[in-house]
Every structure is written in structure tokens, then in C-alpha cells.
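**Student:** Quick one: the structure is below, questions incoming.
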Amino acid sequence: MSNNLPNGTLYSFRRCPFAMRVRWTLLMTGFVVIYREVELKNKPVELLEISSKATVPVLVTSEGKVIDESIEIMHWFLSKNDPMNALRSDNLSDEAIIKRLIVQNDYNFKYHLDRFKYASRYPNENYEYHKSEARNILIQWNSLINKNSSQDKQSSLLGKSHSMADWALWPFVRQYRLANPFEFDHDCELSQIKHWIEYFLNHKLFKDLMLRYKPWRSGDSPSLFPAIK
């Protein structure tokens with residue numbers, strides 16, 4: 001789907017994995033939004049007024065609806081255009097697996113990831129324990145990819161093509177890898193997930209996903225995501 005008219009306004013932050021999953025969905029579905037990069041230490045009053053959570057991402061749809069959960073934003077766009085059948089809406093079993101994987105990521109994996117990747121923020125936590133628990137979850141996902149993947153370049157968590165689960169999880173796996181790239185890349189129990197994450201990191205649209213925008217201020221000229229080339 002190609003649509004040059006903005007489909008709402010997105011408040012985002014370049015490195016936030018929750019925001020990255022939303023921007024990746026935009027790139028995969030062809031939607032365009034008015035884009036507002038948020039400086040987390042100096043959040044714009046407009047964001048604070050529309051969302052009590054005041055965390056990115058937040059979408060204000062073209063109809064004026066405010067959605068401040070990343071998965072709900074992904075669903076909103078995919079309900080309008082899902083060219084890759086990422087929702088697997090024709091398969092209740094696959095839908096349930098997608099939901100389970102996303103819950104495992106958002107509530108379990110991220111919990112442990114934060115406590116070892118940002119250990120200085122959690123001085124009373126056991127670094128090695130949380131690192132091990134996060135890795136154990138990755139090993140589970142690795143076995144899924146090993147089970148479901150064919151020999152093509154695009155390995156996936158569910159079937160032969162990417163689903164919403166792949167799009168929702170890979171920014172968090174990227175964070176895990178960034179904590180120690182050498183260790184991740186040479187972990188023999190994560191060989192499939194290494195191949196899987198490399199697909200996204202080497203994708204031709206990764207640069208578009210991670211394009212730098214100046215922090216938005218009220219009165220600034222509108223910016224678009226994806227940027228017009």
C-alpha cells in the first residue's frame with residue numbers, strides 16, 4: 001500500500017525498541033505519519049497532554065484517536081493493510097502463538113534484559129541471573145526458528161514468512177546483542193536467532209528505520225516517516 005497522505009502523528013524515540021517495532025510496521029505496510037522525535041529528558045507538553053503514560057510510542061490517528069501501546073498501534077495499521085499476513089488473522093492457532101511470544105517478550109524477556117543490559121540502574125539485582133534467564137528465552141526462540149525455518153534467507157518465528165511476532169521481537173533481541181555482540185554472535189545455541197536478527201539488521205530499510213530526526217518542538221515544520229526521498 002502506498003499512501004502519501006499522513007495517517008496520523010507518531011511520537012517516537014529513535015532507539016526505543018517499542019517505537020522501533022511500530023516504525024518497522026510502517027515500513028512494511030506503506031503508511032506515512034507525521035513524525036515527532038521525542039527528547040526523553042524534555043518531553044513536549046503536547047505528548048504529556050494526550051497520554052498520561054507519556055512514554056513513546058504514541059499515535060494520534062487521523063481521526064484523532066490516541067493509541068499509546070506499541071502493539072495496539074501495530075494492530076491499528078495492520079488492520080488497515082496487512083500485505084504479508086503478519087497478523088495471521090486466518091489462523092487462530094498462529095494468532096495465539098503470536099500473542100504468547102509478544103507477551104513473553106514484553107513481560108519476561110524485557111524484564112531480564114533491562115536488569116543485565118542496564119545493570120547500573122538495578123544495583124540490587126543479580127546480573128548473571130538475569131543475563132542467563134534472558135538467554136534461556138532466546139534459546140527457546142532459537143528452537144522455534146530452527147523448527148520453522150526453511151533454507152531461504154528470511155527465517156521466521158512462525159512459518160515460512162514473518163509475522164507480527166517477528167516484527168515485535170527483533171528490536172529487543174537487537175538490544176540483547178548490543179550488550180555483547182561478540183558473545184552473541186559466537187553463541188552456538190543461538191545460531192538460528194543470529195541468522196534471523198541479521199536479516200533485519202542488514203535489511204535495505206534498516207537505515208530508514210534508524211534515520212536521525214531532531215527532537216520535535218512545538219512550531220517546527222512537520223517531518224514525515226518514512227522520510228520522503
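Labels used: A, B, ... for chains in the order of the C-alpha cells, numbers from 1 for residues in each chain, and numbers from 1 for ligands as shown.
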Can you write out as a Markdown table which residues of stretch 138-189 of chain A fall within 12 Å of stretch 96-110 of chain A, alongside each residue's closest atom pair and its distance in Å to one decimal, counting only C-alpha atoms and ordering rows by chain and ascending residue number?

**Tutor:**
```
| residue | atom | partner | partner_atom | distance |
| --- | --- | --- | --- | --- |
| A:Leu138 | CA | A:Phe109 | CA | 8.4 |
| A:Ile139 | CA | A:Phe109 | CA | 11.5 |
| A:Gln140 | CA | A:Leu101 | CA | 10.3 |
| A:Trp141 | CA | A:Leu101 | CA | 8.7 |
| A:Leu144 | CA | A:Leu101 | CA | 10.7 |
| A:Ser156 | CA | A:Ile98 | CA | 11.7 |
| A:Leu157 | CA | A:Ile98 | CA | 8.9 |
| A:Leu158 | CA | A:Ile98 | CA | 8.0 |
| A:Gly159 | CA | A:Ile97 | CA | 11.1 |
| A:His162 | CA | A:Ile98 | CA | 10.8 |
| A:Ser163 | CA | A:Ile98 | CA | 7.6 |
| A:Met164 | CA | A:Ile98 | CA | 6.9 |
| A:Ala165 | CA | A:Ile98 | CA | 5.2 |
| A:Asp166 | CA | A:Ile98 | CA | 8.7 |
| A:Trp167 | CA | A:Ile102 | CA | 9.8 |
| A:Ala168 | CA | A:Ile102 | CA | 6.8 |
| A:Leu169 | CA | A:Asn105 | CA | 6.6 |
| A:Trp170 | CA | A:Asn105 | CA | 9.8 |
| A:Pro171 | CA | A:Asn105 | CA | 10.6 |
| A:Phe172 | CA | A:Lys110 | CA | 7.3 |
| A:Val173 | CA | A:Phe109 | CA | 9.2 |
| A:Arg174 | CA | A:Lys110 | CA | 11.7 |
| A:Gln175 | CA | A:Lys110 | CA | 9.6 |
| A:Tyr176 | CA | A:Lys110 | CA | 9.3 |
```

**Student:** Please, which residues in stretch 37-126 of chain A fall within 10 Å of stretch 210-227 of chain A when counting only C-alpha atoms, and what is the closest atom pair and distance in Å to one decimal for each, ordered by chain then residue number, as CSV?

**Tutor:**
```
residue,atom,partner,partner_atom,distance
A:Glu37,CA,A:Pro215,CA,4.8
A:Val38,CA,A:Pro215,CA,5.4
A:Glu39,CA,A:Pro215,CA,5.6
A:Leu40,CA,A:Pro215,CA,9.3
A:Asn42,CA,A:Pro215,CA,9.3
A:Lys43,CA,A:Trp216,CA,9.2
A:Pro44,CA,A:Arg217,CA,6.8
A:Val45,CA,A:Ser218,CA,8.7
A:Glu46,CA,A:Ser218,CA,8.0
```

**Student:** Within 9 Å of A:Cys16, counting only C-alpha atoms, which residues qualify if same-chain residues fewer than 5 places away don't, as a PDB file with N, CA and C atoms, in the first residue's frame?

**Tutor:**
```pdb
ATOM      1  N   ARG A  21       9.535  -1.095  16.743  1.00  0.00           N
ATOM      2  CA  ARG A  21       8.614  -2.096  16.191  1.00  0.00           C
ATOM      3  C   ARG A  21       7.456  -1.422  15.445  1.00  0.00           C
ATOM      4  N   VAL A  56       6.867   6.834  24.810  1.00  0.00           N
ATOM      5  CA  VAL A  56       6.743   6.536  23.388  1.00  0.00           C
ATOM      6  C   VAL A  56       6.672   5.018  23.185  1.00  0.00           C
ATOM      7  N   PRO A  57       6.024   4.614  22.077  1.00  0.00           N
ATOM      8  CA  PRO A  57       5.400   5.448  21.054  1.00  0.00           C
ATOM      9  C   PRO A  57       3.955   5.804  21.409  1.00  0.00           C
ATOM     10  N   PRO A 171      13.544  -5.922  17.654  1.00  0.00           N
ATOM     11  CA  PRO A 171      14.261  -4.785  18.253  1.00  0.00           C
ATOM     12  C   PRO A 171      14.796  -5.079  19.662  1.00  0.00           C
TER      13      PRO A 171
END
```

**Student:** Counting only C-alpha atoms, figure out which residue out of A:Ile145, A:Lys80, A:Ile228, A:Arg115 gets nearest to A:Gln192.

**Tutor:**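 Counting only C-alpha atoms, the residue closest to A:Gln192 is A:Ile145.
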
**Student:** From the options A:Lys204, A:Thr61, A:Leu209, A:Ser191, which residue's atoms come nearest to A:Pro17, counting only C-alpha atoms?

**Tutor:**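 Smallest separation from A:Pro17 among the options: A:Leu209.
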
**Student:** Taking only residues of stretch 70-133 of chain A that have an atom at most 8 Å from an atom of stretch 22-36 of chain A, what is each one's shortest atom pair and its distance in Å to one decimal, using only C-alpha atoms, in chain and number order, as a Markdown table?

**Tutor:**
```
| residue | atom | partner | partner_atom | distance |
| --- | --- | --- | --- | --- |
| A:Ser70 | CA | A:Val22 | CA | 6.2 |
| A:Ile71 | CA | A:Val22 | CA | 7.8 |
| A:Ile73 | CA | A:Val22 | CA | 6.8 |
| A:Met74 | CA | A:Val22 | CA | 5.7 |
| A:Phe77 | CA | A:Leu26 | CA | 7.5 |
| A:Leu78 | CA | A:Thr29 | CA | 7.3 |
| A:Asn81 | CA | A:Thr29 | CA | 6.3 |
| A:Asp82 | CA | A:Thr29 | CA | 6.5 |
| A:Pro83 | CA | A:Thr29 | CA | 6.9 |
```

**Student:** Tell me, which residues of stretch 4-222 of chain A carry DSSP strand (DSSP E), written as a ChimeraX atom specification?

**Tutor:** /A:9-12,33-37,58-60,66-67

**Student:** For a test of reading the model, state the distance in Å between atom CA of A:Ser12 and atom CA of A:Val58, rounded to one decimal.

**Tutor:**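 Here the two named atoms are 6.9 Å from each other.
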
**Student:** Based on DSSP run over this structure's backbone, return all residues of stretch 148-214 of chain A in alpha helix (DSSP H), as a VMD selection string.

**Tutor:** chain A and resid 148 164 to 179 181 to 185 191 to 201 206 to 209

**Student:** Residues of the last selection are to be written out with N, CA and C atoms, as an mmCIF file, in the first residue's frame.

**Tutor:**
```cif
data_model
loop_
_atom_site.group_PDB
_atom_site.id
_atom_site.type_symbol
_atom_site.label_atom_id
_atom_site.label_comp_id
_atom_site.auth_asym_id
_atom_site.auth_seq_id
_atom_site.Cartn_x
_atom_site.Cartn_y
_atom_site.Cartn_z
ATOM 1 N N ASN A 148 10.941 -24.000 12.339
ATOM 2 C CA ASN A 148 10.059 -23.455 11.312
ATOM 3 C C ASN A 148 10.788 -22.968 10.074
ATOM 4 N N MET A 164 3.688 -10.780 12.834
ATOM 5 C CA MET A 164 3.781 -9.657 13.755
ATOM 6 C C MET A 164 4.742 -9.967 14.904
ATOM 7 N N ALA A 165 4.871 -11.244 15.251
ATOM 8 C CA ALA A 165 5.790 -11.617 16.335
ATOM 9 C C ALA A 165 7.232 -11.284 15.970
ATOM 10 N N ASP A 166 7.633 -11.591 14.743
ATOM 11 C CA ASP A 166 8.998 -11.258 14.307
ATOM 12 C C ASP A 166 9.231 -9.757 14.398
ATOM 13 N N TRP A 167 8.276 -8.986 13.907
ATOM 14 C CA TRP A 167 8.417 -7.521 13.898
ATOM 15 C C TRP A 167 8.432 -6.961 15.313
ATOM 16 N N ALA A 168 7.681 -7.570 16.218
ATOM 17 C CA ALA A 168 7.580 -7.059 17.584
ATOM 18 C C ALA A 168 8.789 -7.427 18.438
ATOM 19 N N LEU A 169 9.441 -8.554 18.128
ATOM 20 C CA LEU A 169 10.505 -9.060 18.994
ATOM 21 C C LEU A 169 11.909 -8.628 18.582
ATOM 22 N N TRP A 170 12.141 -8.467 17.269
ATOM 23 C CA TRP A 170 13.537 -8.314 16.858
ATOM 24 C C TRP A 170 14.224 -7.070 17.434
ATOM 25 N N PRO A 171 13.544 -5.922 17.654
ATOM 26 C CA PRO A 171 14.261 -4.785 18.253
ATOM 27 C C PRO A 171 14.796 -5.079 19.662
ATOM 28 N N PHE A 172 14.139 -5.975 20.383
ATOM 29 C CA PHE A 172 14.584 -6.326 21.730
ATOM 30 C C PHE A 172 15.754 -7.315 21.667
ATOM 31 N N VAL A 173 15.724 -8.214 20.705
ATOM 32 C CA VAL A 173 16.864 -9.112 20.510
ATOM 33 C C VAL A 173 18.082 -8.302 20.082
ATOM 34 N N ARG A 174 17.855 -7.278 19.294
ATOM 35 C CA ARG A 174 18.943 -6.372 18.918
ATOM 36 C C ARG A 174 19.578 -5.756 20.169
ATOM 37 N N GLN A 175 18.762 -5.349 21.129
ATOM 38 C CA GLN A 175 19.301 -4.788 22.364
ATOM 39 C C GLN A 175 20.146 -5.811 23.118
ATOM 40 N N TYR A 176 19.660 -7.034 23.174
ATOM 41 C CA TYR A 176 20.433 -8.090 23.845
ATOM 42 C C TYR A 176 21.785 -8.239 23.166
ATOM 43 N N ARG A 177 21.788 -8.284 21.855
ATOM 44 C CA ARG A 177 23.034 -8.454 21.121
ATOM 45 C C ARG A 177 23.984 -7.286 21.375
ATOM 46 N N LEU A 178 23.454 -6.064 21.450
ATOM 47 C CA LEU A 178 24.297 -4.885 21.648
ATOM 48 C C LEU A 178 25.043 -4.922 22.980
ATOM 49 N N ALA A 179 24.526 -5.662 23.936
ATOM 50 C CA ALA A 179 25.204 -5.753 25.241
ATOM 51 C C ALA A 179 26.559 -6.428 25.108
ATOM 52 N N PRO A 181 28.082 -8.014 21.480
ATOM 53 C CA PRO A 181 27.935 -8.572 20.126
ATOM 54 C C PRO A 181 28.792 -9.809 19.877
ATOM 55 N N PHE A 182 30.038 -9.787 20.344
ATOM 56 C CA PHE A 182 30.927 -10.926 20.088
ATOM 57 C C PHE A 182 30.375 -12.194 20.738
ATOM 58 N N GLU A 183 29.957 -12.075 21.985
ATOM 59 C CA GLU A 183 29.432 -13.236 22.707
ATOM 60 C C GLU A 183 28.173 -13.763 22.033
ATOM 61 N N PHE A 184 27.275 -12.863 21.638
ATOM 62 C CA PHE A 184 26.038 -13.268 20.971
ATOM 63 C C PHE A 184 26.343 -13.977 19.656
ATOM 64 N N ASP A 185 27.200 -13.385 18.855
ATOM 65 C CA ASP A 185 27.485 -13.914 17.516
ATOM 66 C C ASP A 185 28.196 -15.252 17.554
ATOM 67 N N SER A 191 22.448 -19.906 17.122
ATOM 68 C CA SER A 191 22.851 -19.780 15.720
ATOM 69 C C SER A 191 21.695 -19.396 14.810
ATOM 70 N N GLN A 192 20.513 -19.942 15.062
ATOM 71 C CA GLN A 192 19.360 -19.623 14.215
ATOM 72 C C GLN A 192 18.861 -18.198 14.459
ATOM 73 N N ILE A 193 18.832 -17.805 15.718
ATOM 74 C CA ILE A 193 18.351 -16.455 16.009
ATOM 75 C C ILE A 193 19.359 -15.408 15.544
ATOM 76 N N LYS A 194 20.633 -15.763 15.492
ATOM 77 C CA LYS A 194 21.639 -14.873 14.915
ATOM 78 C C LYS A 194 21.341 -14.649 13.433
ATOM 79 N N HIS A 195 21.053 -15.713 12.716
ATOM 80 C CA HIS A 195 20.706 -15.613 11.298
ATOM 81 C C HIS A 195 19.442 -14.772 11.126
ATOM 82 N N TRP A 196 18.486 -14.991 12.015
ATOM 83 C CA TRP A 196 17.196 -14.285 11.977
ATOM 84 C C TRP A 196 17.381 -12.779 12.195
ATOM 85 N N ILE A 197 18.152 -12.375 13.214
ATOM 86 C CA ILE A 197 18.323 -10.948 13.501
ATOM 87 C C ILE A 197 19.160 -10.270 12.419
ATOM 88 N N GLU A 198 20.074 -10.994 11.815
ATOM 89 C CA GLU A 198 20.884 -10.409 10.752
ATOM 90 C C GLU A 198 20.038 -9.972 9.564
ATOM 91 N N TYR A 199 18.945 -10.678 9.331
ATOM 92 C CA TYR A 199 18.054 -10.285 8.239
ATOM 93 C C TYR A 199 17.579 -8.848 8.427
ATOM 94 N N PHE A 200 17.171 -8.509 9.644
ATOM 95 C CA PHE A 200 16.666 -7.163 9.917
ATOM 96 C C PHE A 200 17.791 -6.136 9.925
ATOM 97 N N LEU A 201 18.893 -6.484 10.556
ATOM 98 C CA LEU A 201 19.992 -5.531 10.671
ATOM 99 C C LEU A 201 20.623 -5.212 9.313
ATOM 100 N N PHE A 206 16.706 -0.763 6.963
ATOM 101 C CA PHE A 206 17.161 -0.514 8.335
ATOM 102 C C PHE A 206 17.633 0.931 8.514
ATOM 103 N N LYS A 207 18.312 1.471 7.518
ATOM 104 C CA LYS A 207 18.772 2.863 7.609
ATOM 105 C C LYS A 207 17.590 3.820 7.683
ATOM 106 N N ASP A 208 16.532 3.525 6.946
ATOM 107 C CA ASP A 208 15.326 4.358 7.014
ATOM 108 C C ASP A 208 14.694 4.272 8.394
ATOM 109 N N LEU A 209 14.695 3.077 8.959
ATOM 110 C CA LEU A 209 14.141 2.876 10.297
ATOM 111 C C LEU A 209 14.870 3.718 11.328
#
```

**Student:** Quick one: distance from atom CA of A:Ala86 to atom CA of A:Lys147 in Å, one decimal?

**Tutor:**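 Atom-to-atom, atom CA of A:Ala86 and atom CA of A:Lys147 are spaced 18.8 Å apart.
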
**Student:** Would you please work out which residue, of A:Phe18, A:Phe13, A:Trp76, A:Phe116, is nearest to A:Ala134 when using only C-alpha atoms?

**Tutor:**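 Of all the options, A:Phe116 lies closest to A:Ala134.
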
**Student:** Given the choices A:Met84, A:Leu59, A:Leu92, A:Leu205, which gets closest to A:Ser161 if the distance is worked out from only C-alpha atoms?

**Tutor:** A:Met84
